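Chemist: This is the structure I want to talk about, given as structure tokens.
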Amino acid sequence: MALRPDLAIIAAAVPTGSRVLDVGCGDGELMAALRDQGVDARGLEIDPANVTAAIARGQSVVQGDANRDLADYPGDAFDYAILSQTLQTTERPDRVVDELLRIAPRAFVSFPNFAHWRVRLALLWNGRMPVTRLLPVAWYETPNIHHVTVSDFRDLLRAKGIAVEAAWYLSGDKPTSAAAANWRAEHAIFLISR
Amino acid sequence: MASALHQITHQNVTIPTPLPLDSGQWLPSVTIAWQSYGALNADRSNAVLVCHALTGDQYVASDHPATGKPGWWARMVGPGKPIDTDRFHVICANVLGSCMGSSGPATPDAVTGAPLGMAFPVITIADMVRAQAMLLDHLGISRLHAVVGGSMGGMQALAWAATYPDRLDSALVIASAARHSAQNIAFHEVGRQAIMADPDWQDGQYYGSARAPTKGLAVARMAAHITYLSEAGLTEKFGRRLQAREIKSFGFDADFQIESYLRHQGLAFTDRFDANAYLYITRAMDYFDLAEPHDGRLAGAFAHAKDVRFTLVSFDTDWLYPTSESRRIVQALQSVGASASFVELSAPFGHDSFLLDVPALDRIVAGALGGGF
């Protein structure tokens, strides 16, 4: 099965032989791809059914909560930390970013862009919290408690003095430019470093 | 009866090498009884050591010689099972101090020929593991693909990783802990006192007499058995239902089904277990604290085990070795950079879940053994 486009971008950017922690690794889809390319990938995942599925695939995954359990990893335990589609579900995204860059010098962070034009239009025309392809759940049951835009995230990085080594912006499954990303990108992927 | 128990012959080996013990005493030689399943491959790389729990034995996947019941983990170990004997050479040894053929309190004194009884030295989990290593040396197996155990078996798996980190690829630790808590010790002490309060115990020298402390041992088992089950499980299985009667007796018969069940469990246990062995093994568990030799830092125990792949599983209804204990182990492993997997599974059976039908556990065990093999 083909990897989700944002995961494929991350997988392609992780060098062989590196040590990686996939935070919110789900059932280990990205970790499986990383392992195939010779990466020592480990995972943290909150849902026990997903953890079970990943361990059953022979992967190294700990059941835990990104809000709390990243603190158990020593500094520089990994070369890369990955937080894919999870930032917006955390209680304090700023602190999670700090933790990622404590346990690894570099981190991939990807999230759905809440300033995508479809989201803006839905809110503008309907006056209701948008339900879209990447944000498919109604406001009262969505796990996304901290909606974030490309510009918001860039501001956070600037305020913290965190460097952007690379960024990818996806509209549908196709790349879109950095300049117009805040309204054209449905999905953003940042490679950040201390 | 204990006497009948000790007449069973078990496959065993006596290794004439002295075994120094944590207590400072030593055993002049060690007898280990064991069972094995599946073929050892040509490069001797497919051996899996299964470690049994307090009252378990080496008959992990074969009928028990005293009770005739199927092996205690027959659902997990066998051809095509999660611990697949078509792929792995599975070894299970009766622990030191037990009563199924390995050296223990019923072992005869080398000089007098009389059973040692309480003259048998107090042993620890690490002593059990050292004895297992001696067996593997005898069998010519220098390295294990995995050490797997639930409950006290998990303690042995942890002790293996701490003591012989270069001799195993992976450790599976199920429903276990890195130390015995005050509550764990408390329940064991109730059991030991029940045995020692039985006049038939005779200071442990009952082997030659016609009496054995079966009443005390049965009470010990009854108390322990409660700790293996969840409150919700007991309520669902027994509730307040009466046993074979319509109304309460206003006496002290087993009015309630739970009483009848516990009495049966206690009594049946005495057919397959020796009271002194129960004293020694519960003591070994109480003394278990993997962090103690490292100034209370559990990570110190795993300092040389960072290349061992660990998999830990707890159960949400297990209050004997709760999830918090497994998490504590995972944190220690992460702090030394060891590869650790951990999941808390949901199962209604309390601590006993590791022995029962929990399909997710099967998948995890199979995956943890298959990874990198």
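In the structure tokens, chains take the letters A, B, ... in the order shown, each chain's residues start at 1, and ligands count up from 1 in the order shown.
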What are the closest atom pairs, with distances in Å to one decimal, for each residue of chain A lying within 10 Å of chain B, using only C-alpha atoms, rows by chain and rising residue number, as CSV?
Modeler:
residue,atom,partner,partner_atom,distance
A:Asp40,CA,B:Ser339,CA,9.7
A:Ala41,CA,B:Ser339,CA,9.7
A:Arg42,CA,B:Ser339,CA,7.6
A:Gly43,CA,B:Ser341,CA,8.5
A:Leu44,CA,B:Ser341,CA,9.0
A:Glu45,CA,B:Val343,CA,9.5
A:Ile46,CA,B:Val343,CA,9.4
A:Asp47,CA,B:Val343,CA,9.2
A:Pro48,CA,B:Val343,CA,6.2
A:Ala49,CA,B:Ala360,CA,8.4
A:Asn50,CA,B:Val343,CA,9.7
A:Val51,CA,B:Val343,CA,6.5
A:Thr52,CA,B:Ile364,CA,6.2
A:Ala53,CA,B:Ile364,CA,7.9
A:Ala54,CA,B:Gly367,CA,8.5
A:Ile55,CA,B:Ile364,CA,5.7
A:Ala56,CA,B:Gly367,CA,3.9
A:Arg57,CA,B:Gly367,CA,5.5
A:Gly58,CA,B:Gly371,CA,4.1
A:Gln59,CA,B:Gly371,CA,6.9
A:Ser60,CA,B:Ser341,CA,4.9
A:Val61,CA,B:Ser341,CA,4.6
A:Val62,CA,B:Phe342,CA,4.5
A:Gln63,CA,B:Val343,CA,5.2
A:Gly64,CA,B:Val343,CA,8.5
A:Asp69,CA,B:Gln331,CA,9.0
A:Ala71,CA,B:Gln331,CA,9.4
A:Asp72,CA,B:Gln331,CA,5.7
A:Tyr73,CA,B:Gln334,CA,5.7
A:Pro74,CA,B:Ser335,CA,5.5
A:Gly75,CA,B:Ser335,CA,9.2
A:Ala77,CA,B:Gly337,CA,6.7
A:Phe78,CA,B:Gly337,CA,9.2
Chemist: Need to verify the contact set: A:Glu141, 12 Å, only C-alpha atoms, exclusion of same-chain residues closer than 3 positions in sequence. Can you return it as a count of residues only?
Modeler: 9
Chemist: Find the residues around stretch 95-104 of chain A up to 10 Å (only C-alpha atoms counted), leave out those fewer than 5 positions away in its own chain, and share them as an NGL selection string.
Modeler: :A and (19-21 or 23 or 66-83 or 87 or 90 or 109 or 156-157 or 160 or 162 or 192-194)
Chemist: May I have all residues of stretch 49-131 of chain A that DSSP, computed from the backbone, assigns to strand (DSSP E), given as a PyMOL selection string?
Modeler: chain A and resi 60-63+80-84+106-112
Chemist: Using only C-alpha atoms, please write the residues we just selected to a file, as a PDB file, in the first residue's frame.
Modeler:
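Everything below was put into selection38.pdb:
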ATOM      1  CA  SER A  60       9.192  -1.109  18.982  1.00  0.00           C
ATOM      2  CA  VAL A  61       6.314   1.014  20.262  1.00  0.00           C
ATOM      3  CA  VAL A  62       5.423   2.312  23.705  1.00  0.00           C
ATOM      4  CA  GLN A  63       1.875   3.149  24.681  1.00  0.00           C
ATOM      5  CA  TYR A  80      15.006  12.766  14.393  1.00  0.00           C
ATOM      6  CA  ALA A  81      11.671  13.078  16.128  1.00  0.00           C
ATOM      7  CA  ILE A  82       8.540  12.902  14.011  1.00  0.00           C
ATOM      8  CA  LEU A  83       5.189  14.414  14.923  1.00  0.00           C
ATOM      9  CA  SER A  84       2.824  13.736  12.069  1.00  0.00           C
ATOM     10  CA  ARG A 106      15.893  17.703  14.349  1.00  0.00           C
ATOM     11  CA  ALA A 107      12.177  17.121  14.106  1.00  0.00           C
ATOM     12  CA  PHE A 108       9.552  16.705  11.417  1.00  0.00           C
ATOM     13  CA  VAL A 109       6.252  18.329  12.326  1.00  0.00           C
ATOM     14  CA  SER A 110       3.234  18.056  10.043  1.00  0.00           C
ATOM     15  CA  PHE A 111      -0.278  19.421  10.539  1.00  0.00           C
ATOM     16  CA  PRO A 112      -3.429  20.342   8.612  1.00  0.00           C
TER      17      PRO A 112
END
Chemist: List the neighbours of stretch 199-204 of chain B out to 9 Å using only C-alpha atoms; skip same-chain residues closer than 5 positions along the sequence, and give me the result as an NGL selection string.
Modeler: :B and (105 or 116-118 or 211-216 or 275-276)
Chemist: Atom CA of B:Tyr207 and atom CA of B:Gly113, how far apart in Å?
Modeler: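 Taking atom CA of B:Gly113 and atom CA of B:Tyr207, their separation equals 12.2 Å.
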Chemist: Using only C-alpha atoms, which residues sit within 10 Å of B:Gly78 once same-chain residues fewer than 5 positions away are excluded, as a ChimeraX atom specification?
Modeler: /B:37-38,60-62,73,83-88,90
Chemist: Any chance you could export the current selection's C-alpha atoms as an mmCIF file, in the first residue's frame?
Modeler:
data_model
loop_
_atom_site.group_PDB
_atom_site.id
_atom_site.type_symbol
_atom_site.label_atom_id
_atom_site.label_comp_id
_atom_site.auth_asym_id
_atom_site.auth_seq_id
_atom_site.Cartn_x
_atom_site.Cartn_y
_atom_site.Cartn_z
ATOM 1 C CA TYR B 37 9.780 -28.438 22.599
ATOM 2 C CA GLY B 38 10.751 -27.964 18.957
ATOM 3 C CA VAL B 60 4.454 -25.422 29.848
ATOM 4 C CA ALA B 61 2.945 -27.250 26.882
ATOM 5 C CA SER B 62 2.592 -30.845 28.044
ATOM 6 C CA TRP B 73 0.624 -22.158 28.636
ATOM 7 C CA ILE B 83 5.634 -19.174 20.608
ATOM 8 C CA ASP B 84 5.861 -21.451 17.606
ATOM 9 C CA THR B 85 7.665 -24.719 18.279
ATOM 10 C CA ASP B 86 7.953 -25.246 14.510
ATOM 11 C CA ARG B 87 10.349 -22.284 14.542
ATOM 12 C CA PHE B 88 11.716 -22.135 18.063
ATOM 13 C CA VAL B 90 11.446 -23.768 23.608
#
Chemist: Compile the contact shell of A:Arg184 as a ChimeraX atom specification: residues with an atom at most 7 Å away, counting only C-alpha atoms, same-chain residues fewer than 3 positions apart removed.
Modeler: /A:116-117,171,180-181
Chemist: Per DSSP on the backbone, what are the helix (DSSP H, G or I) residues of stretch 282-357 of chain B, as a PyMOL selection string?
Modeler: chain B and resi 282-286+292-294+298-301+323-335+350-355
Chemist: With N, CA and C atoms retained, export the selected residues as a compact mmCIF listing (two decimals), in the first residue's frame.
Modeler:
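Once everything was written out, this is part_25.txt:
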# COMPACT_ATOMS: atom_id res chain seq x y z
N THR B 282 7.91 -17.80 47.42
CA THR B 282 7.31 -16.49 47.77
C THR B 282 8.38 -15.59 48.38
N ARG B 283 9.30 -16.17 49.15
CA ARG B 283 10.37 -15.36 49.75
C ARG B 283 11.26 -14.76 48.67
N ALA B 284 11.58 -15.59 47.68
CA ALA B 284 12.42 -15.10 46.57
C ALA B 284 11.75 -13.92 45.88
N MET B 285 10.44 -14.01 45.69
CA MET B 285 9.73 -12.91 45.03
C MET B 285 9.74 -11.67 45.91
N ASP B 286 9.54 -11.86 47.22
CA ASP B 286 9.52 -10.70 48.12
C ASP B 286 10.87 -9.98 48.13
N GLU B 292 17.59 -2.35 43.69
CA GLU B 292 18.28 -2.30 44.99
C GLU B 292 19.80 -2.27 44.88
N PRO B 293 20.42 -3.13 44.04
CA PRO B 293 21.89 -3.07 43.96
C PRO B 293 22.41 -1.82 43.24
N HIS B 294 21.50 -0.98 42.74
CA HIS B 294 21.92 0.20 41.98
C HIS B 294 21.43 1.47 42.68
N LEU B 298 16.49 2.07 38.99
CA LEU B 298 16.20 0.89 38.17
C LEU B 298 17.00 0.91 36.88
N ALA B 299 17.23 2.10 36.33
CA ALA B 299 17.99 2.20 35.07
C ALA B 299 19.36 1.55 35.22
N GLY B 300 19.91 1.59 36.43
CA GLY B 300 21.23 0.98 36.66
C GLY B 300 21.24 -0.50 36.34
N ALA B 301 20.10 -1.17 36.58
CA ALA B 301 20.02 -2.61 36.31
C ALA B 301 20.13 -2.91 34.82
N THR B 323 -0.23 -1.62 36.00
CA THR B 323 0.40 -0.96 34.87
C THR B 323 1.50 0.00 35.29
N SER B 324 1.32 0.67 36.44
CA SER B 324 2.32 1.64 36.87
C SER B 324 3.70 0.98 37.05
N GLU B 325 3.72 -0.29 37.46
CA GLU B 325 5.00 -0.99 37.62
C GLU B 325 5.67 -1.24 36.27
N SER B 326 4.87 -1.63 35.27
CA SER B 326 5.43 -1.82 33.93
C SER B 326 5.94 -0.50 33.37
N ARG B 327 5.19 0.57 33.62
CA ARG B 327 5.61 1.89 33.12
C ARG B 327 6.95 2.31 33.74
N ARG B 328 7.10 1.97 35.01
CA ARG B 328 8.35 2.31 35.69
C ARG B 328 9.53 1.60 35.01
N ILE B 329 9.31 0.37 34.61
CA ILE B 329 10.36 -0.38 33.92
C ILE B 329 10.64 0.25 32.55
N VAL B 330 9.55 0.61 31.83
CA VAL B 330 9.71 1.22 30.51
C VAL B 330 10.51 2.52 30.62
N GLN B 331 10.21 3.33 31.63
CA GLN B 331 10.94 4.58 31.80
C GLN B 331 12.43 4.33 32.03
N ALA B 332 12.73 3.31 32.83
CA ALA B 332 14.14 2.98 33.08
C ALA B 332 14.81 2.52 31.79
N LEU B 333 14.11 1.73 30.99
CA LEU B 333 14.67 1.24 29.74
C LEU B 333 14.90 2.39 28.76
N GLN B 334 13.94 3.31 28.70
CA GLN B 334 14.09 4.45 27.79
C GLN B 334 15.26 5.32 28.21
N SER B 335 15.49 5.43 29.51
CA SER B 335 16.56 6.31 29.97
C SER B 335 17.94 5.76 29.61
N GLY B 350 -8.06 -9.94 35.52
CA GLY B 350 -7.09 -9.58 36.54
C GLY B 350 -5.69 -10.06 36.18
N HIS B 351 -4.90 -10.36 37.21
CA HIS B 351 -3.52 -10.79 36.98
C HIS B 351 -3.45 -12.05 36.12
N ASP B 352 -4.41 -12.94 36.29
CA ASP B 352 -4.42 -14.20 35.54
C ASP B 352 -4.60 -14.02 34.03
N SER B 353 -4.85 -12.78 33.59
CA SER B 353 -5.08 -12.54 32.16
C SER B 353 -3.96 -13.10 31.30
N PHE B 354 -2.73 -13.10 31.83
CA PHE B 354 -1.60 -13.55 31.00
C PHE B 354 -1.70 -15.03 30.66
N LEU B 355 -2.49 -15.78 31.43
CA LEU B 355 -2.64 -17.21 31.19
C LEU B 355 -3.87 -17.53 30.35
Chemist: Between B:Asn12, B:Thr317, B:Ser23, B:Gln205, which one has atoms that come closest to B:Glu231, using only C-alpha atoms?
Modeler: B:Thr317
Chemist: Could you check how far atom CA of A:Val119 sits from atom CA of A:Val150, in Å to one decimal?
Modeler: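 Here the two named atoms are 13.0 Å from each other.
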Chemist: Quick one, how far is atom CA of B:Gly101 from atom CA of B:Ile174?
Modeler: 25.3 Å
Chemist: What lies within 6 Å of B:Cys92 using only C-alpha atoms, ignoring chain neighbours under 2 positions off, as a list in words?
Modeler: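 Selected residues are Trp34, Gln35, Leu49, Val50 and Gln58 of chain B.
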